[in-house]
Amino acid sequence: MKITLKIWRQQGRNTKGQFKTYSLDHVSSDMSFLEMLDVLNQDLIKKGEEPVTFDHDCREGICGVCSLYINGRPHGPLQTTTCQLHMRTFKDGETITIEPWRANAFPIIKDLMVDRSAFDRIQQAGGYVSVNTGGVPDANEIPVPKHIADEAMDAAQCIGCGACVAACKNSSAMLFVGAKVSQFALLPQGQPERKERVERMVAQMDAEGFGSCTNTYACEAECPKGIKITNIARMNREYFSAMLTSYKVETKGGD
Amino acid sequence: MKLDSKIPEGPLGEKWTKHKFNLKLVNPSNKRKYEIIVVGTGLAGASAAASLAELGYKVKAFTYHDSPRRAHSIAAQGGINAAKNYQNDGDSVYRLFYDTIKGGDYRAREGNVHRLAEVSVSIIDQCVAQGVPFAREYGGLLANRSFGGAQVSRTFYARGQTGQQLLLGAYSALNRQIAAGKVTMYTRTEMLDVITIDGKARGIITRDLVTGKVESHSAHAVLLCTGGYSNVFYLSTSAKACNASAVWRAHKKGAFFGNPCFTQIHPTCIPVSGDHQSKLTLMSESLRNDGRVWVPKTAMKGLKAKDAANIKEEDRDYFLERRYPSFGNLVPRDVASRNAKNVCDEGRGVGATGLAVFMDFSDAIKRDGKNVIESKYGNLFDMYKQITGDNPYEVPMMIFPAVHYTMGGLWVDYNLMTTIPGLYCLGEANFSDHGANRLGASALMQGLADGYFVIPYTIGDYLATIGWNDKIGTDHPAFKEGMDKVQADVNRLLSIKGKKTVDEFHRQLGLIMWDYCGMSRNEAGLKKAKNLIKELRAEFWTNVNVLGSTNELNQELEKAGRVADFLELGELMVDDALSRSESCGGHFREESATPDGEAMRKDDEFAYVSAWEYKGDQPETLHKDELKFENVKLTQRSYK
């Protein structure tokens, strides 16, 4: 296959970026998208040009670190992670445009690599059950109905890639936050901190500069793990009920 | 130096309990005066960092990822073993111990493995309490499945994403401590050296991967939880960034390396499709519960998956079921891998390359229905289809073995301390517990056992012995020297400006390792590999091309440092494989086989752990840590 690539190049956070065009003429349809970029980078190094920086690691669709906005869609044309996208999805002779995730809360580090530490800070605000190691009850002491456990697992599958934010015209992170809130709201283990958790995580999400949800469903359409929009509805319900019935919780990023 | 494994005396079942009582304790109000560095935040590192911070220690944690949640523990699919006996099928702590010792082909320590089996039950309790959504039955209780090398169902799982859920559990515990200010988290920061002063580990040197800044950090103790070194083979199921640099650089500072040649080849991976291949993808071993492995009885070159259904039942060879009737498709990984290799060597392999065997689900789908199979393996089937373009609900999968895990690692004693006092090694990065072959669903168990339930006890003994005022700050000249050395190494890589890329060297090394130090090894091949690696290493240092500069984000520079270390580690693996002229577990020496081709151990000569000491320009010295078996009888493994 022969393809043309238009790739966003940007030296650092505070420098101006631009598209550069590259052509590749020895692409195999069995290559993954990232392997195609590997080939490009090898060519660039041979020519003495700096290779394109992009985040990638597990290459099996689970670590969540690969990103890339491909032809106007996060992770490209299929509902999967970029590392699981293969060149057979594209046509011979096609021009492919590759950009980084674009969101104020995800500043660009270099080329196609962005800083997603805002997601970590949201999790640190409340995405846990406060139990220390040891001294916990036997695992089978609290039965959890299978359909509840399954629903919690559906939400817990989120890989934290940020495609939901990249897909959203408001750069909202509500699918990401809603998934974690849902997992713990559903399970008995999450009950003691249920109200504080949603309050804190939402406050941190706002403090990081993510936008609001206006129900376009773009996040659900692009999520490589099929996380459902229901999780946003559940988070809104949780938040509303927490605001009505519990103390306001100060958060680090709250004001 | 005399190796002391510090295995406690006494009956097997009482060793750990007694040892815990004998360990010194640190007074709760003194714990905050101790600083501990944790390098790596996968299952072992995140669970250790969180648990130590909960106890009150001041923890600094480091990862080269952008977030602890990216560690490759996340990719473990199938499950985690625990001796809960919830299924009432005859499981017990002793049986898990026995299966693990036997599965490891009697090259692990009895004491360590029994402790692992003991704490396995607490791990499940802990993870459930954290909100890990394990699979459940309709009554609301936890579900189990069976895994290779065991005849009981003791594997807990969260669909095909057990590693993900367990890692996110440990990540959540770590996040709680970061928010509480008890753990200082350094992301996109790579450890490049350990600092030892007066023979003790006193801190580390790091490089900020975004700015390139080299920094030093001091502490009372350092924990390396940095995973395995499968990427020495270039193609493996490890993530692209997985590397051996932390353990290798610690090795060069005096930490002995245990059993470096013990690598695990996983039988069920998606076969290589071309030269562009950047990594291999595993299909969980749990698939072997329902998938039947076969090849045609006579060679049919280039047989495609879509034509498999045309092969009549009597023309198929279900070679695992045929050779191992009692374990069938669920024989341990090393046995399954070698058999797949053998049938391909006979020319009976399938697919375009002939380096693949079928794993067929048609009988299971007929028996249980597509829905049941989908609920068990849906995500794995989707992944397979995504990568290969074939639909495994309709045609059999094609699989082939791939490097997956390294049982070897830094040598540690029962307290998980390396031969450098104050330097600990946890999880896949150490050599302990799995012997010469790891059973499925035991990696997650060991990583979490080390982090949640072993190190919180054992580290206190060392810290209480040295005292909280025995700390050396980063103003000590050793830290300055360490930083200068790291910077010089980085500059050297950038100054070569040769003609070959880092990846080219890495691929070449991988091929040498796979051909001569892979699934099957012999003396002539290993000797040849040793020379090839030496030549390649010499070429690397004169002809590698690393562009860019040191004061910026430079992914090629990161890779170059890691490959430089692989080029040294590879040679040690070959030396170790040469010195062990027996077959055991994943280490198959062609010179040591039974008449029907099974691995043959030589217990009289080789019932020890190889512990290698770095000697600079001189060859490494082999120390033998003898293995004592007081409870199990050593037999040739049989899964027939």
# chains A, B, ... in the order shown; residues from 1 in each chain; ligands from 1

call {"tool": "residues_around", "arguments": {"residues": "stretch 186-191 of chain A", "least_positions_apart": "6", "cutoff": "10 Å", "atoms": "only C-alpha atoms", "output": "ChimeraX atom specification"}}
result
/A:127-131,142-145,148-153,155,197,234 /B:128-133

call {"tool": "residues_around", "arguments": {"residues": "B:Ala443", "least_positions_apart": "5", "cutoff": "10 Å", "atoms": "only C-alpha atoms", "output": "JSON, numbers by chain"}}
result
{"B": [43, 73, 76, 79, 80, 81, 163, 405, 407, 427, 428, 433, 434, 438, 448, 449]}

call {"tool": "residues_around", "arguments": {"residues": "stretch 169-182 of chain A", "least_positions_apart": "6", "cutoff": "6 Å", "atoms": "only C-alpha atoms", "output": "PyMOL selection string"}}
result
chain A and resi 103+155+210-213+231-232+235

call {"tool": "residues_around", "arguments": {"residues": "B:Glu582", "least_positions_apart": "3", "cutoff": "7 Å", "atoms": "only C-alpha atoms", "output": "JSON, numbers by chain"}}
result
{"B": [589, 592, 600, 601, 602]}

call {"tool": "write_last_selection", "arguments": {"atoms": "N, CA and C atoms", "output": "PDB file, in the first residue's frame"}}
result
ATOM      1  N   ARG B 589      17.152 -28.173  27.372  1.00  0.00           N
ATOM      2  CA  ARG B 589      18.432 -28.447  26.736  1.00  0.00           C
ATOM      3  C   ARG B 589      18.287 -29.749  25.955  1.00  0.00           C
ATOM      4  N   SER B 592      19.458 -33.066  27.172  1.00  0.00           N
ATOM      5  CA  SER B 592      18.898 -33.674  28.373  1.00  0.00           C
ATOM      6  C   SER B 592      17.393 -33.912  28.203  1.00  0.00           C
ATOM      7  N   MET B 600      14.220 -33.639  30.759  1.00  0.00           N
ATOM      8  CA  MET B 600      14.773 -34.476  31.818  1.00  0.00           C
ATOM      9  C   MET B 600      15.646 -33.647  32.747  1.00  0.00           C
ATOM     10  N   ARG B 601      15.207 -33.576  34.008  1.00  0.00           N
ATOM     11  CA  ARG B 601      15.993 -32.840  35.001  1.00  0.00           C
ATOM     12  C   ARG B 601      17.157 -33.701  35.484  1.00  0.00           C
ATOM     13  N   LYS B 602      18.175 -33.018  36.049  1.00  0.00           N
ATOM     14  CA  LYS B 602      19.263 -33.739  36.706  1.00  0.00           C
ATOM     15  C   LYS B 602      19.365 -33.162  38.119  1.00  0.00           C
TER      16      LYS B 602
END

call {"tool": "residues_around", "arguments": {"residues": "stretch 58-70 of chain A", "least_positions_apart": "4", "cutoff": "7 Å", "atoms": "only C-alpha atoms", "output": "VMD selection string"}}
result
(chain A and resid 74 to 76 81 to 84 96 to 101 112 159 to 161) or (chain B and resid 70 72 74 to 75 238 to 240 281)

call {"tool": "atom_distance", "arguments": {"atom1": "atom CA of B:Ile399", "atom2": "atom CA of B:Gly369"}}
result
22.8 Å

call {"tool": "closest_residue", "arguments": {"among": "A:Pro192, A:Pro137, A:Pro77, A:Pro224", "to": "chain B", "atoms": "only C-alpha atoms"}}
result
A:Pro137

call {"tool": "select_by_dssp", "arguments": {"residues": "stretch 388-428 of chain B", "states": "strand (DSSP E or B)", "output": "compact mmCIF listing (two decimals) with N, CA and C atoms, in the first residue's frame"}}
result
# COMPACT_ATOMS: atom_id res chain seq x y z
N MET B 397 -8.95 -20.50 15.74
CA MET B 397 -7.85 -19.55 15.89
C MET B 397 -6.58 -20.22 15.43
N MET B 398 -5.60 -19.39 15.01
CA MET B 398 -4.26 -19.92 14.78
C MET B 398 -3.37 -19.34 15.87
N ILE B 399 -2.61 -20.21 16.50
CA ILE B 399 -1.77 -19.76 17.61
C ILE B 399 -0.36 -20.30 17.47
N PHE B 400 0.57 -19.65 18.14
CA PHE B 400 1.96 -20.12 18.18
C PHE B 400 2.59 -19.58 19.46
N PRO B 401 3.58 -20.30 20.00
CA PRO B 401 4.20 -19.84 21.25
C PRO B 401 4.95 -18.51 21.08
N ALA B 402 5.00 -17.74 22.15
CA ALA B 402 5.77 -16.49 22.16
C ALA B 402 6.30 -16.23 23.57
N VAL B 403 7.40 -15.51 23.63
CA VAL B 403 7.99 -15.19 24.93
C VAL B 403 7.03 -14.32 25.72
N HIS B 404 6.85 -14.66 26.97
CA HIS B 404 5.75 -14.07 27.70
C HIS B 404 6.12 -13.60 29.10
N TYR B 405 7.08 -14.26 29.73
CA TYR B 405 7.35 -13.97 31.13
C TYR B 405 8.75 -14.45 31.44
N THR B 406 9.40 -13.79 32.39
CA THR B 406 10.72 -14.25 32.79
C THR B 406 10.68 -14.67 34.25
N GLY B 409 15.35 -13.29 37.48
CA GLY B 409 15.32 -11.90 37.94
C GLY B 409 16.35 -11.73 39.02
N LEU B 410 16.32 -10.59 39.69
CA LEU B 410 17.32 -10.40 40.74
C LEU B 410 17.13 -11.46 41.83
N MET B 417 14.98 -9.30 49.89
CA MET B 417 16.12 -8.41 49.77
C MET B 417 17.15 -9.01 48.82
N LEU B 423 18.28 -2.97 49.34
CA LEU B 423 17.70 -3.01 48.00
C LEU B 423 16.81 -4.26 47.89
N TYR B 424 15.54 -4.04 47.64
CA TYR B 424 14.58 -5.14 47.55
C TYR B 424 14.12 -5.29 46.10
N CYS B 425 13.61 -6.45 45.79
CA CYS B 425 13.09 -6.66 44.45
C CYS B 425 11.80 -7.49 44.53

call {"tool": "closest_residue", "arguments": {"among": "B:Met519, B:Leu141, B:Ala356, B:Leu634", "to": "A:Glu141", "atoms": "only C-alpha atoms"}}
result
B:Leu141

call {"tool": "atom_distance", "arguments": {"atom1": "atom CA of B:Asp515", "atom2": "atom CA of B:Gly561"}}
result
23.9 Å

call {"tool": "closest_residue", "arguments": {"among": "B:Met445, B:Cys269, B:Val412, B:Leu572", "to": "chain A", "atoms": "only C-alpha atoms"}}
result
B:Cys269

call {"tool": "residues_around", "arguments": {"residues": "stretch 624-628 of chain B", "least_positions_apart": "2", "cutoff": "7 Å", "atoms": "only C-alpha atoms", "output": "count of residues only"}}
result
9

call {"tool": "atom_distance", "arguments": {"atom1": "atom CA of B:Lys15", "atom2": "atom CA of B:Arg115"}}
result
8.1 Å

call {"tool": "closest_residue", "arguments": {"among": "A:Met113, A:Ala233, A:Cys219, A:Met243", "to": "B:Leu553", "atoms": "only C-alpha atoms"}}
result
A:Met113

call {"tool": "residues_around", "arguments": {"residues": "stretch 183-191 of chain B", "least_positions_apart": "6", "cutoff": "7 Å", "atoms": "only C-alpha atoms", "output": "list in words"}}
result
Ala53, Lys58, Val59, Lys60, Ala61, Phe62, Thr63, Tyr64, His65, Asp66, Ser67, Gln177, Ile204, Ile205, Thr206, Arg207, Asp208, Leu209, Val210 and Ala246 of chain B

call {"tool": "select_by_dssp", "arguments": {"residues": "stretch 124-351 of chain B", "states": "helix (DSSP H, G or I)", "output": "VMD selection string"}}
result
chain B and resid 124 to 129 162 to 179 230 to 233 245 to 252 285 to 289 305 to 310 313 to 315 319 to 323 328 to 330 333 to 345

call {"tool": "closest_residue", "arguments": {"among": "B:Arg32, B:Arg136, B:Lys312, B:Arg69", "to": "A:Lys146", "atoms": "only C-alpha atoms"}}
result
B:Arg136

call {"tool": "closest_residue", "arguments": {"among": "B:Ser273, B:Thr353, B:Asn339, B:Gln446", "to": "B:Ser120", "atoms": "only C-alpha atoms"}}
result
B:Gln446

call {"tool": "closest_atom_pairs", "arguments": {"of": "stretch 249-341 of chain B", "to": "stretch 196-200 of chain B", "cutoff": "10 Å", "atoms": "only C-alpha atoms", "output": "JSON lines"}}
result
{"residue": "B:Ala250", "atom": "CA", "partner": "B:Thr196", "partner_atom": "CA", "distance": 9.5}
{"residue": "B:Lys253", "atom": "CA", "partner": "B:Thr196", "partner_atom": "CA", "distance": 7.5}
{"residue": "B:Gly254", "atom": "CA", "partner": "B:Gly199", "partner_atom": "CA", "distance": 8.7}
